[in-house]
$ cat entry-v5.txt   # compact mmCIF, C-alpha atoms
# COMPACT_ATOMS: atom_id res chain seq x y z
CA ILE A 1 -54.47 252.16 38.85
CA ASN A 2 -57.04 254.95 39.21
CA TRP A 3 -54.16 257.22 40.22
CA LEU A 4 -52.40 256.35 36.98
CA ARG A 5 -55.52 257.23 35.01
CA ARG A 6 -55.74 260.58 36.80
CA SER A 7 -52.13 261.37 35.98
CA ARG A 8 -52.69 260.51 32.32
CA ARG A 9 -55.77 262.75 32.11
CA ARG A 10 -54.13 265.70 33.86
CA CYS A 11 -50.73 265.68 32.21
CA SER A 12 -49.80 262.95 29.71
CA ASP A 13 -49.40 259.21 29.27
CA SER A 14 -45.71 259.75 28.50
CA ALA A 15 -43.50 258.28 31.22
CA ALA A 16 -41.02 261.13 30.80
CA ARG A 17 -43.75 263.76 31.29
CA VAL A 18 -45.34 261.97 34.23
CA SER A 19 -41.95 261.62 35.97
CA GLU A 20 -41.69 265.41 36.11
CA THR A 21 -45.04 265.87 37.88
CA PRO A 22 -46.32 265.15 41.41
CA TYR A 23 -48.09 262.12 39.92
CA ALA A 24 -44.75 260.33 39.55
CA ILE A 25 -45.24 258.96 43.06
CA THR A 26 -48.31 257.03 41.88
CA VAL A 27 -46.20 255.02 39.44
CA ALA A 28 -43.72 254.25 42.21
CA ILE A 29 -46.59 253.11 44.44
CA VAL A 30 -48.04 250.77 41.82
CA LEU A 31 -44.62 249.28 41.08
CA ALA A 32 -44.02 248.79 44.81
CA GLU A 33 -47.39 247.04 45.11
CA ILE A 34 -46.51 244.72 42.22
CA GLU A 35 -43.19 243.99 43.91
CA ARG A 36 -45.00 243.22 47.18
CA MET A 37 -47.37 240.82 45.39
CA VAL A 38 -44.42 239.11 43.69
CA GLY A 39 -42.93 238.55 47.14
CA GLU A 40 -46.24 237.09 48.33
CA LEU A 41 -46.35 234.81 45.29
CA LYS A 42 -42.82 233.65 46.01
CA GLY A 43 -43.76 232.85 49.60
CA GLU A 44 -46.86 230.92 48.56
CA LEU A 45 -44.96 228.80 46.05
CA ARG A 46 -42.10 228.08 48.47
CA SER A 47 -44.25 227.33 51.48
CA GLY A 48 -45.42 223.95 50.27
CA ARG A 49 -48.92 224.75 51.57
CA GLY A 50 -50.32 224.81 48.05
CA VAL A 51 -50.24 226.93 44.94
CA ALA A 52 -50.94 230.64 44.97
CA THR A 53 -54.50 231.86 44.90
CA GLY A 54 -56.32 233.07 41.83
CA ALA A 55 -56.94 236.41 43.54
CA LEU A 56 -53.20 237.02 43.84
CA LEU A 57 -52.56 236.16 40.19
CA LYS A 58 -55.45 238.40 39.13
CA GLY A 59 -54.03 241.24 41.22
CA LEU A 60 -50.64 240.89 39.53
CA HIS A 61 -52.27 240.75 36.11
CA ASP A 62 -54.43 243.82 36.70
CA ALA A 63 -51.59 245.90 38.12
CA ALA A 64 -49.17 245.02 35.32
CA ARG A 65 -51.84 245.60 32.68
CA GLY A 66 -52.77 248.94 34.23
CA MET A 67 -49.16 250.08 34.13
CA ARG A 68 -48.75 249.10 30.50
CA THR A 69 -52.05 250.56 29.28
CA GLU A 70 -52.26 253.76 31.32
CA ILE A 71 -48.63 254.90 30.96
CA ASN A 72 -46.55 254.83 27.81
CA LEU A 73 -43.61 252.85 29.22
CA SER A 74 -40.80 252.19 26.79
CA THR A 75 -38.34 249.49 27.75
CA ASP A 76 -35.46 251.97 28.00
CA THR A 77 -37.07 253.99 30.83
CA PRO A 78 -36.34 253.15 34.49
CA TRP A 79 -40.01 252.38 35.12
CA GLY A 80 -40.23 250.26 31.98
CA LYS A 81 -37.13 248.31 32.99
CA GLN A 82 -38.48 247.78 36.50
CA LEU A 83 -41.81 246.49 35.23
CA ALA A 84 -40.12 244.21 32.68
CA GLY A 85 -37.91 242.82 35.45
CA LEU A 86 -40.92 242.12 37.67
CA ARG A 87 -42.78 240.36 34.85
CA THR A 88 -39.70 238.21 34.19
CA GLU A 89 -39.51 237.34 37.88
CA ILE A 90 -43.18 236.32 37.88
CA SER A 91 -42.63 234.15 34.80
CA ASN A 92 -39.63 232.44 36.40
CA LEU A 93 -41.55 231.79 39.62
CA LEU A 94 -44.48 230.21 37.79
CA LYS A 95 -42.41 228.21 35.32
CA ALA A 96 -41.57 225.26 37.59
CA GLU A 97 -45.19 224.85 38.72
CA ILE A 98 -46.62 225.07 35.22
CA GLU A 99 -44.08 222.76 33.58
CA SER A 100 -44.40 220.13 36.32
CA MET A 101 -48.13 219.66 35.73
CA PRO A 102 -48.08 217.29 32.69
CA GLY A 103 -45.50 215.03 34.32
CA ARG A 104 -47.50 214.74 37.52
CA VAL A 105 -50.63 213.79 35.59
CA ARG A 106 -48.76 211.17 33.56
CA ARG A 107 -47.09 209.70 36.65
CA LEU A 108 -50.42 209.12 38.37
CA LEU A 109 -52.39 207.86 35.38
CA ARG A 110 -49.85 205.79 33.45
CA PRO A 111 -51.04 202.23 32.80
CA ARG A 112 -49.12 199.82 35.02
CA PRO A 113 -48.52 196.09 34.64
CA LEU A 114 -50.06 193.86 37.29
CA LYS A 115 -46.67 193.04 38.81
CA GLU A 116 -46.19 196.71 39.78
CA ILE A 117 -49.48 196.94 41.70
CA PRO A 118 -49.61 195.71 45.31
CA VAL A 119 -52.85 194.01 46.31
CA ASN A 120 -55.57 196.55 47.24
CA ALA A 121 -53.22 199.49 46.61
CA THR A 122 -54.62 202.88 45.58
CA LEU A 123 -53.22 206.17 44.39
CA ASP A 124 -52.17 208.48 47.20
CA VAL A 125 -55.14 210.76 47.84
CA GLY A 126 -52.82 213.65 48.71
CA ASP A 127 -50.97 213.35 45.40
CA VAL A 128 -54.26 213.28 43.51
CA ALA A 129 -55.61 216.34 45.34
CA GLU A 130 -52.37 218.30 44.84
CA THR A 131 -52.31 217.47 41.12
CA GLU A 132 -55.95 218.47 40.74
CA THR A 133 -55.19 221.80 42.43
CA LEU A 134 -52.15 222.27 40.19
CA ILE A 135 -54.26 221.73 37.05
CA GLU A 136 -56.69 224.36 38.30
CA PHE A 137 -53.78 226.70 39.07
CA VAL A 138 -52.35 226.36 35.56
CA GLY A 139 -55.82 227.08 34.19
CA ILE A 140 -55.86 230.32 36.19
CA CYS A 141 -52.40 231.17 34.87
CA ARG A 142 -53.77 230.67 31.36
CA SER A 143 -56.42 233.30 31.99
CA TYR A 144 -53.78 235.89 32.90
CA ALA A 145 -50.92 234.49 30.83
CA GLY A 146 -50.21 237.58 28.70
CA GLU A 147 -49.42 240.00 31.51
CA LEU A 148 -47.71 237.30 33.60
CA ALA A 149 -45.41 236.45 30.66
CA VAL A 150 -46.31 232.73 30.71
CA SER A 151 -48.41 232.38 27.55
CA GLU A 152 -46.23 229.87 25.72
CA MET A 153 -45.52 227.61 28.69
CA THR A 154 -49.14 227.48 29.89
CA GLN A 155 -50.39 226.70 26.39
CA ARG A 156 -47.82 223.94 25.98
CA ALA A 157 -48.54 222.38 29.40
CA TYR A 158 -52.29 222.52 28.96
CA SER A 159 -52.12 221.05 25.45
CA GLU A 160 -49.99 218.15 26.71
CA VAL A 161 -52.43 217.32 29.51
CA HIS A 162 -55.45 217.80 27.23
CA HIS A 163 -54.05 215.30 24.71
CA TYR A 164 -52.91 212.86 27.39
CA LEU A 165 -56.31 212.77 29.10
CA GLU A 166 -58.08 212.26 25.78
CA THR A 167 -55.99 209.18 25.04
CA ALA A 168 -55.28 207.79 28.50
CA THR A 169 -58.76 207.82 29.99
CA GLN A 170 -60.12 205.18 27.61
CA THR A 171 -57.08 203.02 28.36
CA LEU A 172 -57.85 203.27 32.08
CA VAL A 173 -61.48 202.31 31.46
CA GLU A 174 -60.36 199.19 29.58
CA ALA A 175 -57.83 198.32 32.29
CA LEU A 176 -60.53 198.53 34.96
CA ARG A 177 -62.92 196.47 32.85
CA HIS A 178 -60.40 193.63 32.68
CA ALA A 179 -59.01 194.00 36.20
CA GLY A 180 -58.94 191.13 38.68
CA ASP A 181 -59.28 191.09 42.43
CA ALA A 182 -55.63 192.05 42.94
CA ASP A 183 -55.55 195.22 40.88
CA ARG A 184 -59.19 196.37 40.65
CA THR A 185 -58.96 198.84 43.56
CA PHE A 186 -55.88 200.49 42.12
CA ARG A 187 -57.29 200.68 38.58
CA LYS A 188 -60.46 202.28 39.94
CA SER A 189 -58.45 204.87 41.90
CA GLN A 190 -56.64 205.80 38.68
CA LEU A 191 -59.89 206.18 36.77
CA ASP A 192 -61.40 208.24 39.61
CA ALA A 193 -58.36 210.54 39.47
CA ALA A 194 -58.67 210.84 35.69
CA VAL A 195 -62.32 211.88 36.04
CA ARG A 196 -61.33 214.62 38.50
CA PHE A 197 -58.56 215.85 36.22
CA CYS A 198 -60.86 215.81 33.18
CA ALA A 199 -63.37 217.93 35.09
CA LYS A 200 -60.70 220.63 35.52
CA VAL A 201 -59.47 220.48 31.93
CA PHE A 202 -62.68 219.89 29.97
CA GLY A 203 -65.28 221.26 32.40
$ encode --input "entry-v5.txt" --output "C-alpha cells"
Amino acid sequence: INWLRRSRRRCSDSAARVSETPYAITVAIVLAEIERMVGELKGELRSGRGVATGALLKGLHDAARGMRTEINLSTDTPWGKQLAGLRTEISNLLKAEIESMPGRVRRLLRPRPLKEIPVNATLDVGDVAETETLIEFVGICRSYAGELAVSEMTQRAYSEVHHYLETATQTLVEALRHAGDADRTFRKSQLDAAVRFCAKVFG
C-alpha cells in the first residue's frame, strides 16, 4: 500500500495516469496479493479445520481499502474490474459461513420437549465450540464488512442471533429451573452454551 501512496504522490491518483508509469507494477502486485489472500481464505473455509483467522480478513480489508482510497479506480478500468471481481469472490466465500450462524445457534438452543431428550444427554461439545467460533468469526466480518462486501448479510445474521439470544436465554433458564433428573443435564448444557454465545455477542 505504501507503494501505491508513493505512486499517487509522484504522478497522480488517476488509474489511467498510473498505468502509464513504472508505478503500474505496484498496482499489479497489490492485486496479486489480494488474489493470493482470497485463495488462502478459500482454503481455510474448505479445509474444515475452522474458520479463517481475523488477521487474514484484516489483511484483505486493508489491501482492498488501500486500493480504493489511494488510486482513483473507476469500475470500467481493468484494475477496477479486477478489484470488484475479487471483492465479489470474497463476499461469495463468506456468505455461507455468515448465513449459517443463526441457524446453528437456534438448532443448539431450541427448547425441546422431554420426550426428545435422552437421559443424561448433553449438547455435543464440538458443535458448541464450532458455533462459538463461528459467532466470533461473523463478528470479525462485521468489523471489516464494508471492504469485504458483506455489510448487509453480517448485519442481518448478527441481528437475528442478538434477538434470539435475548428471548431464548430466559426460556432456557426457566426450563432448567423446572427440569427433572432425566433432562437436567441436557438443559444445563444448553444454558451453558447460551452463556458462551452471549459472551461473544454482548461482551
$ residues_near_point --input "entry-v5.txt" --point "(-53.5, 199.0, 35.1)" --cutoff "12 Å" --atoms "only C-alpha atoms" --output "PyMOL selection string"
chain A and resi 108-118+121-123+168-180+182-191
$ atom_distance --input "entry-v5.txt" --atom1 "atom CA of Val195 of chain A" --atom2 "atom CA of Glu166 of chain A"
11.1 Å
$ residues_around --input "entry-v5.txt" --residues "segment 34-50 of chain A" --least-positions-apart "3" --cutoff "10 Å" --atoms "all atoms listed in the file" --output "PyMOL selection string"
chain A and resi 28-31+53+56-57+59-64+82-83+86-87+89-90+93-94+96-97+130+133-134+137
$ closest_residue --input "entry-v5.txt" --among "A:Ala84, A:Ala194, A:Val150, A:Ala199" --to "Arg104 of chain A" --atoms "all atoms listed in the file"
A:Ala194
$ closest_residue --input "entry-v5.txt" --among "A:Glu147, A:Glu160, A:Cys198, A:Ile71" --to "Thr88 of chain A" --atoms "all atoms listed in the file"
A:Glu147
$ axis_aligned_box --input "entry-v5.txt" --around "segment 100-108 of chain A" --padding-each-side "4 Å" --output "lines of an AutoDock Vina configuration file"
center_x = -47.5
center_y = 214.6
center_z = 35.5
size_x = 14.2
size_y = 19.0
size_z = 13.7
$ residues_near_point --input "entry-v5.txt" --point "(-51.3, 229.6, 36.8)" --cutoff "8 Å" --atoms "all atoms listed in the file" --output "list of chain:residue names"
A:Gly54, A:Leu57, A:Leu94, A:Glu97, A:Ile98, A:Glu136, A:Phe137, A:Val138, A:Gly139, A:Ile140, A:Cys141, A:Arg142, A:Ser143, A:Tyr144, A:Ala145, A:Thr154
$ write_last_selection --input "entry-v5.txt" --atoms "C-alpha atoms" --output "compact mmCIF listing (two decimals), in the coordinates of the input"
# COMPACT_ATOMS: atom_id res chain seq x y z
CA GLY A 54 -56.32 233.07 41.83
CA LEU A 57 -52.56 236.16 40.19
CA LEU A 94 -44.48 230.21 37.79
CA GLU A 97 -45.19 224.85 38.72
CA ILE A 98 -46.62 225.07 35.22
CA GLU A 136 -56.69 224.36 38.30
CA PHE A 137 -53.78 226.70 39.07
CA VAL A 138 -52.35 226.36 35.56
CA GLY A 139 -55.82 227.08 34.19
CA ILE A 140 -55.86 230.32 36.19
CA CYS A 141 -52.40 231.17 34.87
CA ARG A 142 -53.77 230.67 31.36
CA SER A 143 -56.42 233.30 31.99
CA TYR A 144 -53.78 235.89 32.90
CA ALA A 145 -50.92 234.49 30.83
CA THR A 154 -49.14 227.48 29.89
$ closest_residue --input "entry-v5.txt" --among "A:Val161, A:Asp192, A:Arg65, A:Ala32" --to "Val125 of chain A" --atoms "all atoms listed in the file"
A:Asp192
